[in-house]
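Shown next, in structure tokens, is the structure this report addresses.
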Amino acid sequence: MGIKFKYNGVLLIVFLILVISLFAGCSSSNGNTNQSAETSGNTPATENGAADAKEKVTIKFSGWGEPNEKKLYEELIKNFESENPDIKVQYIHIPADYAGKMNTVLAGGNAPDVFYAGDGDIARWIKLGVIKNIQQQVTDTSFDLSDMYESAVSRYRYDGMKMGTGDLYALPMDVAGTVLYYNKQLFDEAGVAYPSSESPMTFDQLVEVGKKLTKDTNGDGKPDQYGMGPAWWEGFVWGNGGQILSDDRKEFVLNGDQAVEALQFAADMRNVHGISPDARALQAMNDGQMFETGKLAMMIGGRWSVPVFRQLKFDWDVAPIPANGKWSGWSASTGYAVYGKTKYPDQAFKFTAYLAGEEANRIRSEQGLTMPVYKTMANSEVFLTLGEKPEHAEVFLKAVENELPGPWTYVPNNKWWDIVNQNLGQMWEGKKSAKELMDQIKPDVEKALREGNPELFQ
């Protein structure tokens, strides 16, 4: 949820120089005590190093996003600055390779004061010591977390060993549940009833419906229309009662019976039942593009797809992700983090609290970019937007209440997760069964888990 650029040698050098220049001076850790242009001529710092209360300071803020999101943040920054005339915010927009560029500036000790921290990146950055523990500031300012979705807040807590508990290291920007999108026009043409918005289809029901919606229209033996997109298998595992890691995060349990049953089903959707596109079919179009062009009847996706899908010419809606039990799937989130070496911790937190507050949440939601992190707001017209697609927007609400943070949020070092993903191709291609593959990789995964996260095993 990226734009790729190609450069010749000269342009690449110019680009790197511009990036380095862009981030220059973001931190006080470089030893430069000169103030920015905005603070020149103001009262100097006091003897103990604290800035004078009347001094206007500049903090830097960085995030990714398409042009419409960039424009939205420019508006939010103006609102904040009008309410806080002693603080100026310089916005550094990074539209592509955000995590890669942030890894560079964070490692170099020269990062923005406030920045996006995706839930898959923040644990690593916390362990590196480049993100500030903001628990005391949250407590001191009485920042109200009570109406926020707990699944959004908890993924930014760290207890020194694992994520999910302990002190806060970021405030959530959003929480985005994953759901089943479906093309109502294709369902109508096939005479198939729409999926329920209240209860998930079982795996068997998904196969039955998927076969009715998979068609070879030109008779060449290959589907031109698929019933179901690629499986987001983590939700399938949880929806079948399985787990990926044990609760204490010390053991890889994806080789358990319920887990491998769900994994095998995910692979069988394309290799046995033929209702999902394989890797070759997805080379020309990804699942989102196939859905948008009417070549895919159902797909799993997040709230971020809604603004684009609202421009489609056919009717569509959302339903729960298929499961053999309770609602399942993973939810995504991005947090606002404060740089651990910021020169202005109070001003940086104040801006962070504004971005995570109700006003910014409302503005983001009204533009269709996200679901509010506040439960009361999410259950209001601000998000549900009657008359707009999807018709059953409440599915997102129940999804967020029941879904889990992705496994990439479990521990700071995710080399174990890389090993899992690097080997899954053997299962998707039908070369190995789910049980065989998970048993095979278990020792390597657990070795990487121990070596990358030794604090878990002390």
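In the structure tokens, chains take the letters A, B, ... in the order shown, each chain's residues start at 1, and ligands count up from 1 in the order shown.
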
Go through range 373-421 of chain A residue by residue and, counting only C-alpha atoms, keep those with an atom at most 9 Å from range 97-119 of chain A; for each kept residue give the shortest atom pair and its distance in Å to one decimal, ordered by chain and increasing number, as a tab-separated table.
residue	atom	partner	partner_atom	distance
A:Pro405	CA	A:Asp119	CA	8.2
A:Gly406	CA	A:Asp119	CA	8.4
A:Trp408	CA	A:Asp119	CA	7.9
A:Thr409	CA	A:Asp119	CA	6.0

Range 60-126 of chain A residues near range 289-313 of chain A within 12 Å, closest pair each, using only C-alpha atoms, as a tab-separated table:
residue	atom	partner	partner_atom	distance
A:Gly65	CA	A:Trp304	CA	11.3
A:Glu66	CA	A:Trp304	CA	11.5
A:Asn68	CA	A:Pro307	CA	10.8
A:Glu69	CA	A:Pro307	CA	11.7

Go ahead and save the picked residues with C-alpha atoms, as a PDB file, in the first residue's frame.
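Everything below was put into result-v2.pdb:
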ATOM      1  CA  GLY A  65       1.498   8.891   0.721  1.00  0.00           C
ATOM      2  CA  GLU A  66      -0.077   9.695  -2.610  1.00  0.00           C
ATOM      3  CA  ASN A  68      -4.015  13.525  -1.962  1.00  0.00           C
ATOM      4  CA  GLU A  69      -2.526  12.396   1.350  1.00  0.00           C
TER       5      GLU A  69
END

Report task. List the neighbours of Asp204 in chain A out to 10 Å using only C-alpha atoms; skip same-chain residues closer than 3 positions along the sequence, and give me the result as a VMD selection string. Result -> chain A and resid 201 207 to 210 265 322 to 324

With N, CA and C atoms retained, write the just-selected residues as a PDB file, in the first residue's frame.
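Full text of selection_22.pdb as output:
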ATOM      1  N   MET A 201     -17.992 -16.872   5.200  1.00  0.00           N
ATOM      2  CA  MET A 201     -18.127 -18.124   4.472  1.00  0.00           C
ATOM      3  C   MET A 201     -17.122 -19.125   5.035  1.00  0.00           C
ATOM      4  N   VAL A 207     -15.034 -22.443  -1.781  1.00  0.00           N
ATOM      5  CA  VAL A 207     -14.729 -23.243  -2.975  1.00  0.00           C
ATOM      6  C   VAL A 207     -15.965 -23.369  -3.855  1.00  0.00           C
ATOM      7  N   GLU A 208     -17.105 -23.646  -3.247  1.00  0.00           N
ATOM      8  CA  GLU A 208     -18.346 -23.807  -4.004  1.00  0.00           C
ATOM      9  C   GLU A 208     -18.691 -22.533  -4.778  1.00  0.00           C
ATOM     10  N   VAL A 209     -18.648 -21.399  -4.096  1.00  0.00           N
ATOM     11  CA  VAL A 209     -18.953 -20.124  -4.747  1.00  0.00           C
ATOM     12  C   VAL A 209     -17.873 -19.765  -5.764  1.00  0.00           C
ATOM     13  N   GLY A 210     -16.616 -19.988  -5.385  1.00  0.00           N
ATOM     14  CA  GLY A 210     -15.506 -19.641  -6.264  1.00  0.00           C
ATOM     15  C   GLY A 210     -15.558 -20.380  -7.592  1.00  0.00           C
ATOM     16  N   PHE A 265      -5.221 -25.545   2.442  1.00  0.00           N
ATOM     17  CA  PHE A 265      -6.411 -25.064   1.744  1.00  0.00           C
ATOM     18  C   PHE A 265      -6.073 -23.850   0.891  1.00  0.00           C
ATOM     19  N   PRO A 322     -13.280 -15.280   4.623  1.00  0.00           N
ATOM     20  CA  PRO A 322     -13.688 -16.670   4.882  1.00  0.00           C
ATOM     21  C   PRO A 322     -12.916 -17.290   6.038  1.00  0.00           C
ATOM     22  N   ALA A 323     -13.609 -18.077   6.841  1.00  0.00           N
ATOM     23  CA  ALA A 323     -13.011 -18.719   8.010  1.00  0.00           C
ATOM     24  C   ALA A 323     -13.863 -19.907   8.418  1.00  0.00           C
ATOM     25  N   ASN A 324     -13.249 -20.864   9.071  1.00  0.00           N
ATOM     26  CA  ASN A 324     -13.988 -22.016   9.591  1.00  0.00           C
ATOM     27  C   ASN A 324     -14.373 -21.811  11.052  1.00  0.00           C
TER      28      ASN A 324
END

Query - Option closest in space to Lys184 in chain A, from A:Leu76, A:Val318, A:Ala170, A:Met161 [counting only C-alpha atoms] - result: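 Once distances to Lys184 in chain A are computed over only C-alpha atoms, the minimum belongs to A:Val318.
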
Query - Among the residues A:Ile441, A:Ala378, A:Ala348, A:Leu145, the one that comes closest to Trp416 in chain A [using only C-alpha atoms] - result: A:Ile441

Report task. Could you please write out, as number ranges by chain, every residue of range 224-412 of chain A that DSSP assigns to helix (DSSP H, G or I)? Result -> A: 233-239, 257-271, 281-284, 287-292, 303-309, 345-355, 358-366, 375-378, 381-384, 394-402, 407-409

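Comparing A:Asp257, A:Glu429, A:Asp216, A:Asp317 by their smallest distance to Glu394 in chain A, the closest is A:Asp317 (using only C-alpha atoms).
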
Query raised in the report: When you draw a straight line from CA of Lys215 in chain A to CA of Val179 in chain A, how long is it in Å?
Result: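 Straight-line distance from CA of Lys215 in chain A to CA of Val179 in chain A works out to 23.5 Å.
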
**Report entry** CA of Glu234 in chain A to CA of Tyr194 in chain A, distance in Å rounded to a single decimal
**Finding:** 24.0 Å

Requested in this report: Name the closest residue to Gln225 in chain A among the candidates A:Ser199, A:Gln136, A:Asn453, A:Asn183; distances are taken between atoms, counting only C-alpha atoms.
Outcome: A:Asn183

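Among the candidates A:Thr139, A:Ser197, A:Asn84, A:Ser154, the one nearest to Trp327 in chain A when counting only C-alpha atoms is A:Ser197.
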